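Here is the file model-v8.cif (mmCIF, C-alpha atoms).
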data_protein
loop_
_atom_site.group_PDB
_atom_site.id
_atom_site.type_symbol
_atom_site.label_atom_id
_atom_site.label_comp_id
_atom_site.auth_asym_id
_atom_site.auth_seq_id
_atom_site.Cartn_x
_atom_site.Cartn_y
_atom_site.Cartn_z
ATOM 1 C CA MET A 1 150.829 113.930 128.194
ATOM 2 C CA PHE A 2 149.948 117.257 126.602
ATOM 3 C CA ARG A 3 149.758 120.919 127.448
ATOM 4 C CA CYS A 4 146.353 122.461 128.068
ATOM 5 C CA ASP A 5 146.305 126.056 126.905
ATOM 6 C CA PRO A 6 143.177 128.176 127.493
ATOM 7 C CA ILE A 7 141.138 129.103 124.423
ATOM 8 C CA GLY A 8 139.815 132.078 126.432
ATOM 9 C CA PHE A 9 138.488 133.100 129.825
ATOM 10 C CA ILE A 10 135.145 132.959 131.595
ATOM 11 C CA HIS A 11 133.749 136.145 133.130
ATOM 12 C CA THR A 12 131.143 135.913 135.877
ATOM 13 C CA PRO A 13 129.857 138.034 138.779
ATOM 14 C CA PHE A 14 131.727 135.743 141.205
ATOM 15 C CA THR A 15 134.981 137.458 142.112
ATOM 16 C CA ASP A 16 135.514 135.540 145.362
ATOM 17 C CA LEU A 17 135.836 131.757 145.691
ATOM 18 C CA GLN A 18 133.612 131.904 148.734
ATOM 19 C CA GLY A 19 129.878 131.855 148.080
ATOM 20 C CA ILE A 20 129.773 130.567 144.500
ATOM 21 C CA PRO A 21 126.978 128.170 143.496
ATOM 22 C CA ILE A 22 128.477 124.689 143.398
ATOM 23 C CA GLN A 23 126.600 123.579 140.275
ATOM 24 C CA PRO A 24 124.694 125.314 137.465
ATOM 25 C CA ILE A 25 121.380 124.389 139.149
ATOM 26 C CA GLY A 26 122.389 126.753 141.963
ATOM 27 C CA ALA A 27 123.393 129.439 139.465
ATOM 28 C CA ARG A 28 120.104 129.547 137.585
ATOM 29 C CA GLY A 29 119.867 132.841 135.704
ATOM 30 C CA VAL A 30 123.388 134.004 136.568
ATOM 31 C CA GLU A 31 124.846 135.634 133.453
ATOM 32 C CA GLY A 32 128.435 135.415 132.349
ATOM 33 C CA SER A 33 130.517 135.415 129.212
ATOM 34 C CA LEU A 34 132.901 133.054 127.507
ATOM 35 C CA GLU A 35 135.508 135.331 125.938
ATOM 36 C CA LEU A 36 137.549 133.412 123.411
ATOM 37 C CA LYS A 37 140.883 134.606 122.137
ATOM 38 C CA PRO A 38 140.043 136.214 118.757
ATOM 39 C CA LYS A 39 142.169 133.662 116.877
ATOM 40 C CA PHE A 40 139.651 130.953 117.878
ATOM 41 C CA SER A 41 136.584 132.918 116.744
ATOM 42 C CA ALA A 42 136.131 130.873 113.543
ATOM 43 C CA GLY A 43 135.666 127.774 115.701
ATOM 44 C CA LEU A 44 132.324 129.205 116.884
ATOM 45 C CA LYS A 45 130.655 129.022 113.456
ATOM 46 C CA ASP A 46 127.088 127.642 113.868
ATOM 47 C CA VAL A 47 127.347 127.465 117.668
ATOM 48 C CA GLU A 48 124.373 129.893 117.843
ATOM 49 C CA GLY A 49 122.059 127.035 116.857
ATOM 50 C CA PHE A 50 122.588 125.283 120.179
ATOM 51 C CA SER A 51 120.637 126.372 123.252
ATOM 52 C CA HIS A 52 122.997 124.631 125.672
ATOM 53 C CA LEU A 53 126.761 124.151 125.686
ATOM 54 C CA ILE A 54 129.117 121.923 127.627
ATOM 55 C CA ILE A 55 132.098 123.898 128.814
ATOM 56 C CA LEU A 56 135.374 122.471 130.062
ATOM 57 C CA TYR A 57 137.530 124.761 132.160
ATOM 58 C CA GLN A 58 140.516 124.692 134.446
ATOM 59 C CA PHE A 59 140.059 124.654 138.222
ATOM 60 C CA HIS A 60 142.870 127.183 138.349
ATOM 61 C CA CYS A 61 142.525 128.067 142.044
ATOM 62 C CA SER A 62 143.305 124.499 143.176
ATOM 63 C CA LYS A 63 146.940 123.476 143.196
ATOM 64 C CA GLY A 64 147.726 119.786 143.504
ATOM 65 C CA PHE A 65 145.065 117.182 144.213
ATOM 66 C CA SER A 66 143.610 114.954 146.909
ATOM 67 C CA LEU A 67 142.551 111.377 146.219
ATOM 68 C CA THR A 68 139.801 111.586 148.811
ATOM 69 C CA VAL A 69 137.828 114.725 149.491
ATOM 70 C CA ARG A 70 135.025 115.948 151.716
ATOM 71 C CA PRO A 71 132.728 117.514 149.120
ATOM 72 C CA PHE A 72 130.410 120.483 149.726
ATOM 73 C CA LEU A 73 127.367 118.213 149.779
ATOM 74 C CA ASP A 74 128.504 115.652 152.376
ATOM 75 C CA SER A 75 130.341 115.441 155.668
ATOM 76 C CA ARG A 76 132.022 112.141 154.743
ATOM 77 C CA ARG A 77 135.093 111.651 152.560
ATOM 78 C CA HIS A 78 134.752 110.113 149.086
ATOM 79 C CA GLY A 79 137.187 109.244 146.340
ATOM 80 C CA VAL A 80 137.763 112.337 144.217
ATOM 81 C CA PHE A 81 136.522 110.454 141.109
ATOM 82 C CA ALA A 82 133.199 109.844 142.890
ATOM 83 C CA THR A 83 132.807 113.630 143.322
ATOM 84 C CA ARG A 84 132.843 116.806 141.223
ATOM 85 C CA ALA A 85 135.325 118.499 143.586
ATOM 86 C CA PRO A 86 138.057 120.662 141.990
ATOM 87 C CA ARG A 87 141.270 119.244 143.504
ATOM 88 C CA ARG A 88 141.649 116.509 140.848
ATOM 89 C CA PRO A 89 144.773 115.003 139.223
ATOM 90 C CA ASN A 90 143.775 116.791 135.996
ATOM 91 C CA PRO A 91 141.982 119.903 137.296
ATOM 92 C CA ILE A 92 139.301 120.019 134.602
ATOM 93 C CA GLY A 93 135.781 121.153 135.428
ATOM 94 C CA MET A 94 132.654 120.597 133.348
ATOM 95 C CA SER A 95 129.353 122.494 133.346
ATOM 96 C CA VAL A 96 126.312 122.734 131.088
ATOM 97 C CA VAL A 97 125.301 126.357 130.443
ATOM 98 C CA ARG A 98 122.586 128.101 128.427
ATOM 99 C CA LEU A 99 123.696 130.132 125.427
ATOM 100 C CA ILE A 100 121.931 133.481 125.023
ATOM 101 C CA ARG A 101 123.832 135.125 122.186
ATOM 102 C CA ARG A 102 127.125 135.424 120.392
ATOM 103 C CA GLU A 103 129.056 138.626 119.662
ATOM 104 C CA ARG A 104 132.077 137.670 117.529
ATOM 105 C CA ALA A 105 134.413 135.799 119.912
ATOM 106 C CA VAL A 106 132.196 136.288 122.986
ATOM 107 C CA LEU A 107 129.380 133.962 124.043
ATOM 108 C CA TRP A 108 126.887 135.261 126.598
ATOM 109 C CA VAL A 109 125.633 132.435 128.788
ATOM 110 C CA LEU A 110 123.318 131.762 131.724
ATOM 111 C CA ASP A 111 123.588 129.396 134.722
ATOM 112 C CA ILE A 112 127.323 129.869 135.079
ATOM 113 C CA ASP A 113 128.827 128.530 138.302
ATOM 114 C CA VAL A 114 132.542 129.351 138.140
ATOM 115 C CA VAL A 115 134.764 132.077 139.540
ATOM 116 C CA ASP A 116 135.516 135.117 137.369
ATOM 117 C CA GLY A 117 138.680 134.678 135.302
ATOM 118 C CA THR A 118 138.453 130.891 134.991
ATOM 119 C CA PRO A 119 140.504 129.623 132.008
ATOM 120 C CA LEU A 120 138.237 128.099 129.343
ATOM 121 C CA LEU A 121 139.548 124.902 127.732
ATOM 122 C CA ASP A 122 136.805 123.712 125.403
ATOM 123 C CA ILE A 123 133.214 124.247 124.261
ATOM 124 C CA LYS A 124 131.054 121.390 122.974
ATOM 125 C CA PRO A 125 127.421 121.396 121.890
ATOM 126 C CA TYR A 126 125.103 119.795 124.447
ATOM 127 C CA VAL A 127 123.141 117.075 122.647
ATOM 128 C CA PRO A 128 120.537 115.110 124.645
ATOM 129 C CA GLU A 129 120.876 112.141 122.256
ATOM 130 C CA PHE A 130 124.564 111.908 123.251
ATOM 131 C CA ASP A 131 124.564 113.207 126.810
ATOM 132 C CA VAL A 132 121.358 112.167 128.573
ATOM 133 C CA ARG A 133 121.001 108.797 130.307
ATOM 134 C CA LYS A 134 118.017 107.293 132.079
ATOM 135 C CA ALA A 135 117.696 104.902 135.030
ATOM 136 C CA VAL A 136 120.638 106.415 136.796
ATOM 137 C CA ARG A 137 121.937 105.550 140.296
ATOM 138 C CA ILE A 138 123.892 108.332 142.000
ATOM 139 C CA GLY A 139 125.508 106.639 145.014
ATOM 140 C CA TRP A 140 126.353 108.886 147.958
ATOM 141 C CA LEU A 141 124.687 111.837 146.177
ATOM 142 C CA GLY A 142 121.263 110.159 146.445
ATOM 143 C CA GLY A 143 118.934 112.607 148.192
ATOM 144 C CA LYS A 144 121.708 115.214 148.242
ATOM 145 C CA ALA A 145 122.094 116.293 144.596
ATOM 146 C CA LYS A 146 118.992 118.471 144.628
ATOM 147 C CA ARG A 147 120.401 120.339 147.627
ATOM 148 C CA ALA A 148 123.176 121.635 145.363
ATOM 149 C CA ARG A 149 120.701 124.376 144.482
ATOM 150 C CA ARG A 150 121.105 125.908 147.953
ATOM 151 C CA PHE A 151 124.790 125.225 148.639
ATOM 152 C CA ARG A 152 127.492 127.792 148.099
ATOM 153 C CA SER A 153 131.233 127.212 148.022
ATOM 154 C CA ASP A 154 133.681 127.866 150.819
ATOM 155 C CA ARG A 155 137.449 127.894 150.518
ATOM 156 C CA ARG A 156 138.108 124.230 151.333
ATOM 157 C CA PHE A 157 139.575 123.379 147.913
ATOM 158 C CA VAL A 158 141.831 126.413 147.604
ATOM 159 C CA SER A 159 145.430 125.505 148.219
ATOM 160 C CA MET B 160 148.380 126.616 131.067
ATOM 161 C CA PHE B 161 148.925 123.218 132.693
ATOM 162 C CA ARG B 162 150.110 119.745 131.823
ATOM 163 C CA CYS B 163 147.529 116.996 131.344
ATOM 164 C CA ASP B 164 148.914 113.686 132.486
ATOM 165 C CA PRO B 165 146.807 110.525 132.035
ATOM 166 C CA ILE B 166 145.444 108.915 135.198
ATOM 167 C CA GLY B 167 145.264 105.655 133.228
ATOM 168 C CA PHE B 168 144.246 104.163 129.917
ATOM 169 C CA ILE B 169 141.009 102.981 128.321
ATOM 170 C CA HIS B 170 140.860 99.516 126.828
ATOM 171 C CA THR B 171 138.239 98.688 124.233
ATOM 172 C CA PRO B 172 137.701 96.205 121.379
ATOM 173 C CA PHE B 173 138.422 99.015 118.868
ATOM 174 C CA THR B 174 142.034 98.667 117.775
ATOM 175 C CA ASP B 175 141.602 100.586 114.516
ATOM 176 C CA LEU B 176 140.444 104.204 114.210
ATOM 177 C CA GLN B 177 138.276 103.181 111.292
ATOM 178 C CA GLY B 178 134.846 101.808 112.156
ATOM 179 C CA ILE B 179 134.456 103.024 115.747
ATOM 180 C CA PRO B 180 131.028 104.172 116.928
ATOM 181 C CA ILE B 181 131.070 107.977 116.983
ATOM 182 C CA GLN B 182 129.084 108.315 120.201
ATOM 183 C CA PRO B 183 128.139 105.986 123.092
ATOM 184 C CA ILE B 184 124.627 105.563 121.592
ATOM 185 C CA GLY B 185 126.314 103.735 118.714
ATOM 186 C CA ALA B 186 128.402 101.663 121.124
ATOM 187 C CA ARG B 187 125.508 100.331 123.179
ATOM 188 C CA GLY B 188 126.659 97.193 125.034
ATOM 189 C CA VAL B 189 130.309 97.484 123.965
ATOM 190 C CA GLU B 190 132.449 96.556 126.977
ATOM 191 C CA GLY B 191 135.724 98.151 127.899
ATOM 192 C CA SER B 192 137.809 98.979 130.921
ATOM 193 C CA LEU B 193 139.196 102.099 132.521
ATOM 194 C CA GLU B 194 142.558 101.009 133.927
ATOM 195 C CA LEU B 195 143.838 103.580 136.363
ATOM 196 C CA LYS B 196 147.436 103.779 137.450
ATOM 197 C CA PRO B 197 147.469 101.994 140.843
ATOM 198 C CA LYS B 198 148.547 105.180 142.642
ATOM 199 C CA PHE B 199 145.137 106.715 141.812
ATOM 200 C CA SER B 200 143.119 103.724 143.076
ATOM 201 C CA ALA B 201 142.082 105.479 146.327
ATOM 202 C CA GLY B 202 140.363 108.141 144.227
ATOM 203 C CA LEU B 203 137.761 105.541 143.199
ATOM 204 C CA LYS B 204 136.329 105.084 146.728
ATOM 205 C CA ASP B 205 132.481 105.007 146.496
ATOM 206 C CA VAL B 206 132.451 105.227 142.701
ATOM 207 C CA GLU B 207 130.635 101.860 142.652
ATOM 208 C CA GLY B 208 127.459 103.631 143.788
ATOM 209 C CA PHE B 209 127.101 105.406 140.463
ATOM 210 C CA SER B 210 125.540 103.624 137.496
ATOM 211 C CA HIS B 211 126.948 106.117 134.957
ATOM 212 C CA LEU B 212 130.236 107.993 134.757
ATOM 213 C CA ILE B 213 131.443 110.931 132.721
ATOM 214 C CA ILE B 214 134.889 110.229 131.353
ATOM 215 C CA LEU B 215 137.293 112.788 129.953
ATOM 216 C CA TYR B 216 140.052 111.469 127.724
ATOM 217 C CA GLN B 217 142.656 112.639 125.273
ATOM 218 C CA PHE B 218 142.009 112.472 121.527
ATOM 219 C CA HIS B 219 145.583 111.196 121.210
ATOM 220 C CA CYS B 220 145.391 110.217 117.537
ATOM 221 C CA SER B 221 144.689 113.798 116.408
ATOM 222 C CA LYS B 222 147.652 116.137 116.217
ATOM 223 C CA GLY B 223 146.944 119.839 115.899
ATOM 224 C CA PHE B 224 143.457 121.204 115.364
ATOM 225 C CA SER B 225 141.113 122.693 112.768
ATOM 226 C CA LEU B 226 138.815 125.611 113.559
ATOM 227 C CA THR B 227 136.219 124.331 111.115
ATOM 228 C CA VAL B 228 135.553 120.665 110.514
ATOM 229 C CA ARG B 229 133.322 118.461 108.407
ATOM 230 C CA PRO B 230 131.936 116.153 111.115
ATOM 231 C CA PHE B 231 130.922 112.514 110.610
ATOM 232 C CA LEU B 232 127.236 113.457 110.740
ATOM 233 C CA ASP B 233 127.168 116.227 108.112
ATOM 234 C CA SER B 234 128.620 117.089 104.730
ATOM 235 C CA ARG B 235 128.942 120.801 105.603
ATOM 236 C CA ARG B 236 131.700 122.447 107.621
ATOM 237 C CA HIS B 237 130.984 123.761 111.124
ATOM 238 C CA GLY B 238 133.048 125.528 113.757
ATOM 239 C CA VAL B 239 134.870 122.912 115.804
ATOM 240 C CA PHE B 240 133.160 124.209 118.991
ATOM 241 C CA ALA B 241 129.772 123.478 117.391
ATOM 242 C CA THR B 242 130.842 119.831 116.937
ATOM 243 C CA ARG B 243 132.203 116.937 118.993
ATOM 244 C CA ALA B 244 135.018 116.291 116.500
ATOM 245 C CA PRO B 245 138.444 115.345 117.916
ATOM 246 C CA ARG B 246 140.787 117.869 116.253
ATOM 247 C CA ARG B 247 140.232 120.574 118.913
ATOM 248 C CA PRO B 248 142.613 123.181 120.389
ATOM 249 C CA ASN B 249 142.555 121.167 123.636
ATOM 250 C CA PRO B 250 142.016 117.603 122.400
ATOM 251 C CA ILE B 251 139.743 116.495 125.230
ATOM 252 C CA GLY B 252 136.880 114.092 124.589
ATOM 253 C CA MET B 253 133.896 113.442 126.839
ATOM 254 C CA SER B 254 131.578 110.432 126.994
ATOM 255 C CA VAL B 255 128.991 109.076 129.401
ATOM 256 C CA VAL B 256 129.472 105.346 130.064
ATOM 257 C CA ARG B 257 127.727 102.716 132.202
ATOM 258 C CA LEU B 258 129.691 101.297 135.116
ATOM 259 C CA ILE B 259 129.370 97.530 135.581
ATOM 260 C CA ARG B 260 131.905 96.768 138.299
ATOM 261 C CA ARG B 261 135.150 97.765 139.898
ATOM 262 C CA GLU B 262 138.182 95.556 140.491
ATOM 263 C CA ARG B 263 140.720 97.619 142.480
ATOM 264 C CA ALA B 264 142.049 100.209 139.995
ATOM 265 C CA VAL B 265 140.029 98.873 137.047
ATOM 266 C CA LEU B 266 136.476 99.948 136.157
ATOM 267 C CA TRP B 267 134.544 97.767 133.730
ATOM 268 C CA VAL B 268 132.189 99.873 131.648
ATOM 269 C CA LEU B 269 129.629 99.571 128.834
ATOM 270 C CA ASP B 270 128.827 101.828 125.851
ATOM 271 C CA ILE B 271 132.433 102.827 125.282
ATOM 272 C CA ASP B 272 133.134 104.606 121.998
ATOM 273 C CA VAL B 273 136.886 105.270 121.969
ATOM 274 C CA VAL B 274 139.901 103.579 120.416
ATOM 275 C CA ASP B 275 141.886 101.082 122.500
ATOM 276 C CA GLY B 276 144.745 102.708 124.409
ATOM 277 C CA THR B 277 143.098 106.135 124.766
ATOM 278 C CA PRO B 278 144.655 108.122 127.655
ATOM 279 C CA LEU B 279 142.141 108.683 130.461
ATOM 280 C CA LEU B 280 142.208 112.157 132.036
ATOM 281 C CA ASP B 281 139.344 112.226 134.513
ATOM 282 C CA ILE B 282 136.291 110.375 135.839
ATOM 283 C CA LYS B 283 133.279 112.207 137.260
ATOM 284 C CA PRO B 284 129.978 110.819 138.549
ATOM 285 C CA TYR B 285 127.098 111.404 136.121
ATOM 286 C CA VAL B 286 124.352 113.184 138.065
ATOM 287 C CA PRO B 287 121.090 113.984 136.232
ATOM 288 C CA GLU B 288 120.396 116.891 138.615
ATOM 289 C CA PHE B 289 123.652 118.497 137.430
ATOM 290 C CA ASP B 290 123.961 117.257 133.864
ATOM 291 C CA VAL B 291 120.509 116.978 132.285
ATOM 292 C CA ARG B 292 118.812 119.930 130.627
ATOM 293 C CA LYS B 293 115.375 120.188 129.036
ATOM 294 C CA ALA B 294 114.012 122.244 126.123
ATOM 295 C CA VAL B 295 117.213 121.929 124.182
ATOM 296 C CA ARG B 296 117.893 123.182 120.639
ATOM 297 C CA ILE B 297 120.655 121.349 118.785
ATOM 298 C CA GLY B 298 121.339 123.499 115.722
ATOM 299 C CA TRP B 299 122.823 121.705 112.704
ATOM 300 C CA LEU B 300 122.521 118.373 114.537
ATOM 301 C CA GLY B 301 118.710 118.597 114.485
ATOM 302 C CA GLY B 302 117.379 115.448 112.833
ATOM 303 C CA LYS B 303 120.928 114.077 112.616
ATOM 304 C CA ALA B 304 121.890 113.278 116.228
ATOM 305 C CA LYS B 305 119.864 110.059 116.334
ATOM 306 C CA ARG B 306 121.709 108.859 113.242
ATOM 307 C CA ALA B 307 124.890 108.730 115.334
ATOM 308 C CA ARG B 308 123.705 105.262 116.310
ATOM 309 C CA ARG B 309 124.489 103.969 112.825
ATOM 310 C CA PHE B 310 127.581 105.994 111.949
ATOM 311 C CA ARG B 311 131.099 104.657 112.310
ATOM 312 C CA SER B 312 134.332 106.621 112.184
ATOM 313 C CA ASP B 313 136.695 106.918 109.278
ATOM 314 C CA ARG B 314 140.193 108.350 109.364
ATOM 315 C CA ARG B 315 139.349 111.977 108.549
ATOM 316 C CA PHE B 316 140.559 113.349 111.896
ATOM 317 C CA VAL B 317 143.827 111.406 112.035
ATOM 318 C CA SER B 318 146.764 113.596 111.251
#

Show me, as structure tokens, the structure contained in the file I just sent.
Amino acid sequence: MFRCDPIGFIHTPFTDLQGIPIQPIGARGVEGSLELKPKFSAGLKDVEGFSHLIILYQFHCSKGFSLTVRPFLDSRRHGVFATRAPRRPNPIGMSVVRLIRRERAVLWVLDIDVVDGTPLLDIKPYVPEFDVRKAVRIGWLGGKAKRARRFRSDRRFVS
Amino acid sequence: MFRCDPIGFIHTPFTDLQGIPIQPIGARGVEGSLELKPKFSAGLKDVEGFSHLIILYQFHCSKGFSLTVRPFLDSRRHGVFATRAPRRPNPIGMSVVRLIRRERAVLWVLDIDVVDGTPLLDIKPYVPEFDVRKAVRIGWLGGKAKRARRFRSDRRFVS
């Protein structure tokens, strides 16, 4: 067990939990910033070389968790670990974003799909050799994942 | 700030921190298990439909963090957020693994690259529509990422 302490905060145009794209593919071109606490600035050395970053953040608007959830993309309930829904035992979200530029402790990014003020936990370089898999089956999301582009959030996961 | 509590533990053939593959591409075919605490078993409903899972886990052998690190794949120092090294402010690791089968609260997986006994924090379905990006630049890892297949860990990140 350990304490997760934000390294900074994510700023986006989404100030309301209602109507946010539910994945980066629905947030194409949306600009935001990852504002690190200045003491972590040195940790960004050489990050400019990467076009895409994996960000981990806290689903801070969800309190508690549900083991089964009715996700945005389906009317049926699924185990929370078979979904990307926010009400998880460890409320950690993950998205891949595009890096535009760095200004000291601030990274400007595109395709950001989180609510303004989200606590940022980690940044990792996105590396296709490590992160891309082929011949993938996607269970209940088959035929539905592409629709994530059109879906927007409602308040179902806010406690 | 919130408390990260493991949902279970990861079991692998790697009982020593020395000599572990440093990414799943170096652990191709290595079998392990994700053993959830039984109380979280219901959260796995429908997970069997997914061929690949994203797992988040705690880098529990690293205490504290370094803002710049000399990663396994390079002799130069880089900002920790431009690497996948374990000594991070929030010591959370991420890997994509192949799911073979489920037995109640246990998931048998392939391509696992972590030390035996690693605390498991979260499981998410791997969905190419959400997680795959094209036209990617990978900075200092250019020409080096593929070499991750051959590299094995040493004890540099153990405190």

Looking at B:Thr171, B:Thr277, B:Val317, B:Ser210, which one is nearest to Ser225 (chain B), with distances taken over all atoms listed in the file? B:Val317

Near chain A, which residues of chain B fall within 7 Å when you count all atoms listed in the file, and what do they look like as a ChimeraX atom specification? /B:160-165,182-184,199,201-206,208-211,226-227,237-243,249,255,280-284,286,288-291,295-299,304-305

Got a sec to align chain B on chain A by every in-order Cα pair and hand back the fitted coordinates as a short mmCIF file (atom, residue, chain, number, x, y, z; two decimals) with C-alpha atoms, in the frame of the given file?
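This is the output file selection21.cif:
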data_model
loop_
_atom_site.label_atom_id
_atom_site.label_comp_id
_atom_site.auth_asym_id
_atom_site.auth_seq_id
_atom_site.Cartn_x
_atom_site.Cartn_y
_atom_site.Cartn_z
CA MET B 160 150.82 113.91 128.21
CA PHE B 161 149.94 117.24 126.59
CA ARG B 162 149.75 120.91 127.43
CA CYS B 163 146.35 122.47 128.08
CA ASP B 164 146.30 126.05 126.90
CA PRO B 165 143.17 128.17 127.50
CA ILE B 166 141.13 129.10 124.43
CA GLY B 167 139.83 132.07 126.44
CA PHE B 168 138.49 133.09 129.82
CA ILE B 169 135.14 132.97 131.60
CA HIS B 170 133.76 136.13 133.13
CA THR B 171 131.16 135.92 135.87
CA PRO B 172 129.87 138.04 138.78
CA PHE B 173 131.74 135.74 141.21
CA THR B 174 135.00 137.46 142.12
CA ASP B 175 135.51 135.55 145.37
CA LEU B 176 135.84 131.77 145.70
CA GLN B 177 133.60 131.92 148.74
CA GLY B 178 129.87 131.87 148.08
CA ILE B 179 129.78 130.56 144.50
CA PRO B 180 127.00 128.17 143.49
CA ILE B 181 128.48 124.67 143.39
CA GLN B 182 126.61 123.57 140.28
CA PRO B 183 124.69 125.33 137.47
CA ILE B 184 121.37 124.39 139.16
CA GLY B 185 122.38 126.76 141.96
CA ALA B 186 123.39 129.45 139.47
CA ARG B 187 120.10 129.55 137.59
CA GLY B 188 119.87 132.87 135.71
CA VAL B 189 123.40 134.01 136.57
CA GLU B 190 124.86 135.65 133.46
CA GLY B 191 128.44 135.42 132.35
CA SER B 192 130.52 135.41 129.21
CA LEU B 193 132.91 133.04 127.51
CA GLU B 194 135.52 135.32 125.94
CA LEU B 195 137.55 133.41 123.41
CA LYS B 196 140.89 134.59 122.13
CA PRO B 197 140.05 136.21 118.76
CA LYS B 198 142.17 133.66 116.87
CA PHE B 199 139.65 130.95 117.86
CA SER B 200 136.58 132.93 116.74
CA ALA B 201 136.12 130.88 113.53
CA GLY B 202 135.67 127.78 115.69
CA LEU B 203 132.33 129.20 116.89
CA LYS B 204 130.64 129.04 113.44
CA ASP B 205 127.08 127.64 113.88
CA VAL B 206 127.33 127.47 117.67
CA GLU B 207 124.38 129.89 117.85
CA GLY B 208 122.06 127.03 116.87
CA PHE B 209 122.59 125.28 120.19
CA SER B 210 120.62 126.37 123.25
CA HIS B 211 123.01 124.63 125.69
CA LEU B 212 126.77 124.15 125.69
CA ILE B 213 129.12 121.92 127.63
CA ILE B 214 132.10 123.90 128.82
CA LEU B 215 135.37 122.47 130.06
CA TYR B 216 137.53 124.76 132.15
CA GLN B 217 140.51 124.70 134.45
CA PHE B 218 140.05 124.65 138.22
CA HIS B 219 142.88 127.20 138.36
CA CYS B 220 142.52 128.07 142.05
CA SER B 221 143.30 124.50 143.18
CA LYS B 222 146.94 123.48 143.19
CA GLY B 223 147.72 119.79 143.50
CA PHE B 224 145.05 117.20 144.21
CA SER B 225 143.60 114.96 146.91
CA LEU B 226 142.55 111.37 146.21
CA THR B 227 139.80 111.59 148.80
CA VAL B 228 137.81 114.73 149.48
CA ARG B 229 135.03 115.94 151.73
CA PRO B 230 132.72 117.51 149.12
CA PHE B 231 130.42 120.49 149.72
CA LEU B 232 127.37 118.21 149.77
CA ASP B 233 128.51 115.65 152.37
CA SER B 234 130.36 115.45 155.66
CA ARG B 235 132.03 112.13 154.73
CA ARG B 236 135.09 111.64 152.55
CA HIS B 237 134.75 110.12 149.08
CA GLY B 238 137.19 109.24 146.32
CA VAL B 239 137.76 112.34 144.21
CA PHE B 240 136.51 110.45 141.11
CA ALA B 241 133.19 109.85 142.89
CA THR B 242 132.80 113.63 143.33
CA ARG B 243 132.85 116.80 141.23
CA ALA B 244 135.33 118.50 143.58
CA PRO B 245 138.05 120.67 141.99
CA ARG B 246 141.27 119.25 143.50
CA ARG B 247 141.65 116.51 140.84
CA PRO B 248 144.76 115.00 139.22
CA ASN B 249 143.76 116.80 136.00
CA PRO B 250 141.97 119.90 137.30
CA ILE B 251 139.30 120.03 134.61
CA GLY B 252 135.77 121.16 135.42
CA MET B 253 132.65 120.60 133.34
CA SER B 254 129.36 122.49 133.34
CA VAL B 255 126.32 122.73 131.09
CA VAL B 256 125.31 126.36 130.45
CA ARG B 257 122.58 128.10 128.43
CA LEU B 258 123.69 130.13 125.43
CA ILE B 259 121.93 133.48 125.03
CA ARG B 260 123.83 135.12 122.18
CA ARG B 261 127.12 135.43 120.40
CA GLU B 262 129.05 138.62 119.67
CA ARG B 263 132.07 137.66 117.53
CA ALA B 264 134.42 135.80 119.91
CA VAL B 265 132.20 136.30 122.98
CA LEU B 266 129.38 133.95 124.05
CA TRP B 267 126.89 135.26 126.59
CA VAL B 268 125.64 132.43 128.78
CA LEU B 269 123.31 131.77 131.73
CA ASP B 270 123.59 129.40 134.72
CA ILE B 271 127.33 129.87 135.09
CA ASP B 272 128.83 128.52 138.31
CA VAL B 273 132.55 129.34 138.13
CA VAL B 274 134.77 132.07 139.54
CA ASP B 275 135.53 135.12 137.38
CA GLY B 276 138.69 134.69 135.30
CA THR B 277 138.46 130.89 135.00
CA PRO B 278 140.50 129.62 132.01
CA LEU B 279 138.25 128.11 129.34
CA LEU B 280 139.55 124.91 127.72
CA ASP B 281 136.80 123.72 125.40
CA ILE B 282 133.21 124.25 124.26
CA LYS B 283 131.06 121.39 122.98
CA PRO B 284 127.41 121.40 121.89
CA TYR B 285 125.11 119.79 124.46
CA VAL B 286 123.15 117.07 122.65
CA PRO B 287 120.54 115.11 124.64
CA GLU B 288 120.89 112.13 122.27
CA PHE B 289 124.57 111.90 123.26
CA ASP B 290 124.57 113.20 126.82
CA VAL B 291 121.36 112.16 128.58
CA ARG B 292 121.01 108.80 130.30
CA LYS B 293 118.02 107.27 132.07
CA ALA B 294 117.71 104.88 135.03
CA VAL B 295 120.64 106.41 136.80
CA ARG B 296 121.94 105.55 140.29
CA ILE B 297 123.89 108.32 142.01
CA GLY B 298 125.50 106.63 145.01
CA TRP B 299 126.35 108.88 147.96
CA LEU B 300 124.70 111.83 146.18
CA GLY B 301 121.27 110.16 146.44
CA GLY B 302 118.93 112.58 148.19
CA LYS B 303 121.69 115.21 148.23
CA ALA B 304 122.08 116.28 144.58
CA LYS B 305 118.98 118.48 144.62
CA ARG B 306 120.38 120.32 147.62
CA ALA B 307 123.16 121.63 145.36
CA ARG B 308 120.69 124.38 144.49
CA ARG B 309 121.10 125.91 147.94
CA PHE B 310 124.78 125.23 148.63
CA ARG B 311 127.49 127.80 148.09
CA SER B 312 131.23 127.22 148.03
CA ASP B 313 133.68 127.88 150.80
CA ARG B 314 137.45 127.89 150.51
CA ARG B 315 138.10 124.23 151.33
CA PHE B 316 139.56 123.39 147.91
CA VAL B 317 141.83 126.43 147.62
CA SER B 318 145.42 125.54 148.22
#

For this file, the PyMOL selection byres ((chain A and resi 152) around 6) selects which residues, as a list in words? Gly19, Ile20, Pro21, Ile22, Phe151 and Ser153 of chain A

Between CA of Asp116 (chain A) and CA of Thr15 (chain A), what is the spacing in Å?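 Value for the CA of Thr15 (chain A)-CA of Asp116 (chain A) distance: 5.3 Å.
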
Do you have the CA of Phe59 (chain A)-CA of Leu34 (chain A) distance handy?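 Separation between CA of Phe59 (chain A) and CA of Leu34 (chain A): 15.4 Å.
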
Would you mind reading off the distance between CA of Gly276 (chain B) and CA of Phe173 (chain B), one decimal, in Å?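 A separation of 9.2 Å between them.
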